[in-house]
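One structure is given below, encoded as structure tokens.
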Amino acid sequence: MKITFIGAGNMAGSMARGFYKAGVFAAEDITVTAKTQKTLDKFKVSIPGCKTTLNNAEAVVGADLIVIGVKPWLIEEVVAGIKDSIDYEHTTAIMSVVASWDTPKLAALFQKEGQTTPPLFYVIPNTAIDVMSSMTFYVPCAAPQETIQLVDEMFSKVGGVMQVTDKQMPACMALASCGIAYAFRYIRAAMEGGVEMGLYARDAQYIVSNTVKGAAEMLLQHNSHPEQEIDCVTTPGGLTIKGLNTMEENGFTNAVIKGLKAGR
């Protein structure tokens, strides 16, 4: 199965590298396009043997899967330039990782006169797909069950995956796609606290990163609620509860909720 990525930005590029590292696609079955040869040359280093081109229309010919990974304000122009080159009968699915372009808008964009629109997917991973640890959401449109299953299995090999609705996608993006940046900001803040308490920055980063990773693994493997795990750490009059209460006094939970809602 051959996959073409239209665009080699942060998200599409991370997807291509993640699929390659996970063995979902062989390098020779991956085609990537970009605006400049310089970008494509960098890509050849990260995925040796992949195909690259500056010609979007050429890249989609013969592709089983097509991923649109461009800026939201460019998608109409990009789709107009490739639509006539896509063989709708041959193409298994078209996936868009363009934020805010839900399935009704995608269906209208890819409509061809006299032809049935191919299976479409509005997909939002996060950049951790590069290291096979994404949280990916997708909304199918006009897709048969076997194609939905194929897409689900692909993304399950590079992290968590969940089928959602167009209405749910903004909240999912806030929690995971934008949310990964919020997690990084927590890690940075904790690092700064560690430095203030006498640790070197690199040591603090290593400690906090592994602590966050461990906390996430406990929730996933125990299938537990965060408060359950917190109760295992907090003892009466102990240091942990004092730290948690001080964070809450300074608006920790409220700041997180407001930040998430602002990022929808």
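Letters A, B, ... go to the chains of the structure tokens in the order shown; residues in each chain start at 1; ligands are counted from 1 in the same order.
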- Message: List the spatial neighbours of Val212 (chain A) as a PyMOL selection string - criterion: any atom at most 12 Å away, only C-alpha atoms, same-chain residues fewer than 3 positions off excluded.
- Response: chain A and resi 180+183-184+186-188+190+205-209+215-219
Dump as a JSON list (two decimals), in the first residue's frame, selection limited to C-alpha atoms:
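Below is the file that was written, selection-v4.json:
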[["chain", "number", "residue", "atom", "x", "y", "z"],
["A", 180, "ILE", "CA", 0.87, 18.09, 24.28],
["A", 183, "ALA", "CA", 2.19, 19.02, 29.01],
["A", 184, "PHE", "CA", 5.53, 20.39, 27.82],
["A", 186, "TYR", "CA", 4.14, 21.75, 32.89],
["A", 187, "ILE", "CA", 7.43, 19.89, 32.42],
["A", 188, "ARG", "CA", 9.26, 23.15, 31.83],
["A", 190, "ALA", "CA", 8.62, 21.71, 37.04],
["A", 205, "GLN", "CA", 14.22, 17.56, 32.80],
["A", 206, "TYR", "CA", 15.14, 13.87, 32.95],
["A", 207, "ILE", "CA", 13.43, 13.46, 36.32],
["A", 208, "VAL", "CA", 10.23, 15.28, 35.39],
["A", 209, "SER", "CA", 9.92, 13.66, 31.95],
["A", 215, "ALA", "CA", 2.10, 8.70, 35.76],
["A", 216, "ALA", "CA", 0.53, 8.26, 32.32],
["A", 217, "GLU", "CA", 1.52, 4.58, 32.18],
["A", 218, "MET", "CA", -0.04, 3.92, 35.60],
["A", 219, "LEU", "CA", -3.38, 5.39, 34.51]]
- Task: If you run DSSP over the backbone, which residues in region 144-252 of chain A end up alpha helix (DSSP H)? Put them as number ranges by chain.
- Result: A: 145-156, 169-172, 179-196, 201-222, 226-233, 239-249, 252
- Kindly give the distance, in Å, that separates CA of Thr91 (chain A) and CA of Thr52 (chain A), rounded to a single decimal.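 Rounded to one decimal, the two atoms are 19.4 Å apart.
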- One decimal, Å: what's the distance from CA of Asp87 (chain A) over to CA of Met1 (chain A), could you say?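 Distance between the two atoms: 14.8 Å.
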- Message: When DSSP is applied to the backbone of this structure, which of region 46-244 of chain A are assigned strand (DSSP E or B)? Write them out as a VMD selection string.
- Response: chain A and resid 51 to 53 65 to 68 93 to 96 112 115 120 to 124 134 to 141 159 to 163
- Task: Name the residues in contact with Ile124 (chain A) at a cut-off of 12 Å, using only C-alpha atoms, excluding same-chain residues fewer than 6 positions from it; report them as JSON, numbers by chain.
- Result: {"A": [11, 12, 14, 15, 67, 68, 69, 95, 96, 97, 98, 99, 100, 101, 102, 134, 135, 136, 137, 138, 139, 140, 155, 160, 161, 162, 163, 164, 165, 166, 168, 169, 170, 171, 172, 173, 174, 175, 176, 177, 178]}
Write out the residues from the selection above, keeping C-alpha atoms, as a compact mmCIF listing (two decimals), in the first residue's frame.
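Output saved as result-v9.txt:
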# COMPACT_ATOMS: atom_id res chain seq x y z
CA MET A 11 2.28 17.29 11.66
CA ALA A 12 2.49 15.57 8.26
CA SER A 14 5.77 13.57 12.13
CA MET A 15 3.14 11.20 10.74
CA VAL A 67 -2.73 12.68 3.56
CA ILE A 68 -3.38 16.42 3.24
CA GLY A 69 -1.12 18.19 5.71
CA MET A 95 -7.04 11.82 5.17
CA SER A 96 -6.87 15.47 6.17
CA VAL A 97 -4.93 16.65 9.21
CA VAL A 98 -5.96 20.26 8.55
CA ALA A 99 -7.44 21.74 11.72
CA SER A 100 -11.03 23.03 11.62
CA TRP A 101 -11.82 21.38 8.25
CA ASP A 102 -14.53 18.96 9.34
CA SER A 134 0.47 9.92 19.59
CA MET A 135 -3.10 10.32 20.73
CA THR A 136 -4.95 10.35 17.41
CA PHE A 137 -8.60 11.13 16.71
CA TYR A 138 -10.42 10.54 13.44
CA VAL A 139 -13.85 11.19 11.94
CA PRO A 140 -14.78 8.98 8.96
CA PHE A 155 -2.88 4.72 13.99
CA GLY A 160 -3.60 5.69 21.14
CA VAL A 161 -6.48 6.11 18.69
CA MET A 162 -10.14 7.03 19.01
CA GLN A 163 -13.01 7.47 16.56
CA VAL A 164 -14.99 10.61 17.40
CA THR A 165 -17.53 12.94 15.81
CA ASP A 166 -16.98 16.30 14.16
CA GLN A 168 -16.25 16.27 19.59
CA MET A 169 -13.10 17.07 17.63
CA PRO A 170 -12.46 20.60 19.03
CA ALA A 171 -12.40 19.25 22.60
CA CYS A 172 -10.20 16.33 21.57
CA MET A 173 -7.78 18.70 19.86
CA ALA A 174 -7.59 20.86 22.98
CA LEU A 175 -6.80 17.84 25.17
CA ALA A 176 -4.29 16.10 22.92
CA SER A 177 -3.12 18.10 19.91
CA CYS A 178 -2.81 21.40 21.77
- Message: Need to verify the contact set: Thr117 (chain A), 12 Å, only C-alpha atoms, exclusion of same-chain residues closer than 3 positions in sequence. Can you return it as a ChimeraX atom specification?
- Response: /A:83,86-94,103-104,106-114,120-121,141-143
For region 64-127 of chain A versus region 17-38 of chain A, which residues have an atom no more than 10 Å away, and what is each residue's nearest atom pair and distance in Å rounded to one decimal, using only C-alpha atoms, chain-then-number order, as a Markdown table?
| residue | atom | partner | partner_atom | distance |
| --- | --- | --- | --- | --- |
| A:Asp64 | CA | A:Asp29 | CA | 9.9 |
| A:Leu65 | CA | A:Ile30 | CA | 9.9 |
| A:Ile66 | CA | A:Thr31 | CA | 9.5 |
| A:Val67 | CA | A:Val32 | CA | 9.5 |
| A:Gly69 | CA | A:Thr33 | CA | 9.9 |
| A:Val70 | CA | A:Ala34 | CA | 9.5 |
| A:Thr127 | CA | A:Gly18 | CA | 9.3 |
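Comparing A:Leu74, A:Val79, A:Ala255, A:Ile6 by their smallest distance to Leu54 (chain A), the closest is A:Ile6 (using only C-alpha atoms).
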